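A.B. asks: Please read through the structure below; I'll follow up with questions.
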Amino acid sequence: MITLIYPYRNRSIGRVRNSLESLTGQSNKDFQVEFIDYGSEPSLAGEVKELVTSYSFSNYTYSNTQYQLWNKSRALNIIIKNLHTDYCFVSDVDMIFAPNFIETLHKVKNPNAATYFQVGYLSKEESEKNVPFKEYKTKFLSTSEATGLTLFPTSKLKELNGFDEFFHLWGAEDTDMHHRLRNNGVQIKYFDNDLLMVHQWHISFVGKKKKDYTRDFVLTDIELLNHEHKDKNHNMKVTQVNPDGWGKRVTKSEFMELNDHPIDVFLTNQTKDINHLLHSLLPSKSANLLSVEINDSKEFSMKRSLKKFLGKRVNLFYSMKKVNDLVLMQLIAHYRNKNYIYQVSENAEKITLKIKL
């Protein structure tokens, strides 16, 4: 049997339905779906769980990480770590599959090779059609540069401790996995003999990405950091990653322990406050659970500007955007294996961090 793994958070339920529906007509039924919801908003999570579990071949798992950075690697690893099928395919809710897709997976599966597939991209208008697979007209095709949709021998993923959980938000975890498998003696093959899947149109992350500081998770230059990490792994011929553990799901009780904990430390965006948080409070681990609120100071006043103009000593501040970037970088670099909650207020004037150290 082959397991299709769907990593998910807060995406269109219509696209989920279309993808799963395309699996109902497969010529080969020897597959199952493991759907991992990495922290969708509760109302949407309830809807998508009901949809996913309505298909006899699908299982649904929820990780209480709604206030953590998106981490596709960890979402996949939650499933991979406890998976018992010999092969798994990393899927995507945007995919609609050809009726012979599963049949083809069984034909190309190989205990010593991973195979990734070409994808046809649909226009917005074409995505709205409900037609047989062969009738979709693709706008363009992916190339061998796109590595995200791959059939793996499960044991080979487990040997490497799964996907590298350093990668956050939108990273290079798929290409990194291909590199590390090659380093471990596994062949990587590209399948473009036949088009077996099409991608449903949606607004891209790049298209809607904001450089401004907002309540949504935005981190300056995260893609550059991810690609630098991928290149470092590649150049050093890394195979196994995640030495401190992998595939950890956050339970409801673990989430509630943090969520219900009151604020212990109140700070402003003054540089001395933030530096103390990053370089003293967090590393000291003197508190089992650290709960911090950072508020945008209102000290940017005419009085302060006048003192600065006159050469008098004034307090120094980070912008709240800078605070956001500094804190998130610390979480990624040093605390990604800790259970944490990170929230930005609606008006983007307050940051809350709760972390189990």
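Letters for chains follow the order of the structure tokens (A, B, ...), residue numbers begin at 1 for each chain, and ligand numbers begin at 1 in the order shown.
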Can you pull out every residue within 6 Å of region 183-192 of chain A, counting only C-alpha atoms, but drop anything in the same chain fewer than 2 positions away, and send it as an MDAnalysis selection string?
C.D. replies: chainID A and resid 112:118 180:181 194
A.B. asks: For C-alpha atoms, I'd like the residues from the last selection saved as a PDB file, in the first residue's frame.
C.D. replies:
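Writing done, so here's selection00.pdb:
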ATOM      1  CA  ASN A 112      16.193   2.366  -3.617  1.00  0.00           C
ATOM      2  CA  ALA A 113      14.743   5.328  -5.521  1.00  0.00           C
ATOM      3  CA  ALA A 114      12.496   8.353  -5.031  1.00  0.00           C
ATOM      4  CA  THR A 115      10.432   9.547  -8.003  1.00  0.00           C
ATOM      5  CA  TYR A 116       9.006  13.030  -8.428  1.00  0.00           C
ATOM      6  CA  PHE A 117       6.436  14.126 -10.970  1.00  0.00           C
ATOM      7  CA  GLN A 118       5.700  16.796 -13.520  1.00  0.00           C
ATOM      8  CA  ARG A 180      20.237  14.174   1.366  1.00  0.00           C
ATOM      9  CA  LEU A 181      18.760  11.007  -0.132  1.00  0.00           C
ATOM     10  CA  ASP A 194       2.679  11.268 -18.816  1.00  0.00           C
TER      11      ASP A 194
END
A.B. asks: Any idea what's packed within 8 Å of region 244-254 of chain A, counting only C-alpha atoms, ignoring anything in its chain fewer than 2 positions away? Could you give it as a ChimeraX atom specification?
C.D. replies: /A:63-65,74-81,161-162,165,242,256-258,337,339
A.B. asks: Would you mind writing down, as a ChimeraX atom specification, each residue of region 7-81 of chain A that DSSP on the backbone assigns to alpha helix (DSSP H)?
C.D. replies: /A:13-23,42-53,72-80
A.B. asks: What's around Val292 (chain A) at 6 Å? Count only C-alpha atoms, leave out sequence neighbours fewer than 2 positions away in its own chain, and write the answer as a ChimeraX atom specification.
C.D. replies: /A:263,265-266,352-353
A.B. asks: Mind checking which residues fall within 7 Å of Gln66 (chain A), counting only C-alpha atoms, ignoring those fewer than 5 positions away in the same chain, and posting them as a list in words?
C.D. replies: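 Counting only the stated atoms, we get Gly39, Ser40 and Glu41 of chain A.
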A.B. asks: Output C-alpha atoms for every residue in the selection just made, as an mmCIF file, in the first residue's frame.
C.D. replies:
data_model
loop_
_atom_site.group_PDB
_atom_site.id
_atom_site.type_symbol
_atom_site.label_atom_id
_atom_site.label_comp_id
_atom_site.auth_asym_id
_atom_site.auth_seq_id
_atom_site.Cartn_x
_atom_site.Cartn_y
_atom_site.Cartn_z
ATOM 1 C CA GLY A 39 -2.888 24.162 13.133
ATOM 2 C CA SER A 40 -5.817 25.450 11.085
ATOM 3 C CA GLU A 41 -8.206 27.818 12.821
#
A.B. asks: Can you list, as a list in words, every protein, DNA or RNA residue that comes within 12 Å of Ser54 (chain A) when you count only C-alpha atoms, leaving out same-chain residues fewer than 6 positions away?
C.D. replies: Arg17, Leu20, Glu21, Thr24, Val33, Glu47, Val48 and Tyr60 of chain A
A.B. asks: Which neighbours of Val90 (chain A) fall inside 12 Å, counting only C-alpha atoms, when residues of the same chain fewer than 3 positions from it are skipped, and could you give them as a ChimeraX atom specification?
C.D. replies: /A:2-8,33-36,72-73,75-77,79-80,87,93,95,105,114-117,147-154,157,163,173-174,177
A.B. asks: Fewer than 5 positions away in the same chain doesn't count, so skip those; otherwise give me all residues within 8 Å of Met320 (chain A), counting only C-alpha atoms, as a list in words.
C.D. replies: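 Counting only C-alpha atoms, the residues come to Tyr213, Asn269, Asp296, Ala348 and Glu349 of chain A.
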A.B. asks: Quick one: write out the picked residues with C-alpha atoms as a compact mmCIF listing (two decimals), in the first residue's frame?
C.D. replies:
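What landed in result_27.txt:
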# COMPACT_ATOMS: atom_id res chain seq x y z
CA TYR A 213 4.60 44.09 9.87
CA ASN A 269 10.14 47.53 22.11
CA ASP A 296 4.83 49.15 21.16
CA ALA A 348 0.12 44.95 15.26
CA GLU A 349 1.09 46.88 18.41
A.B. asks: Go ahead and compute the interatomic distance for CA of His227 (chain A) and CA of Val119 (chain A), in Å to one decimal.
C.D. replies: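 Separation between CA of His227 (chain A) and CA of Val119 (chain A): 22.4 Å.
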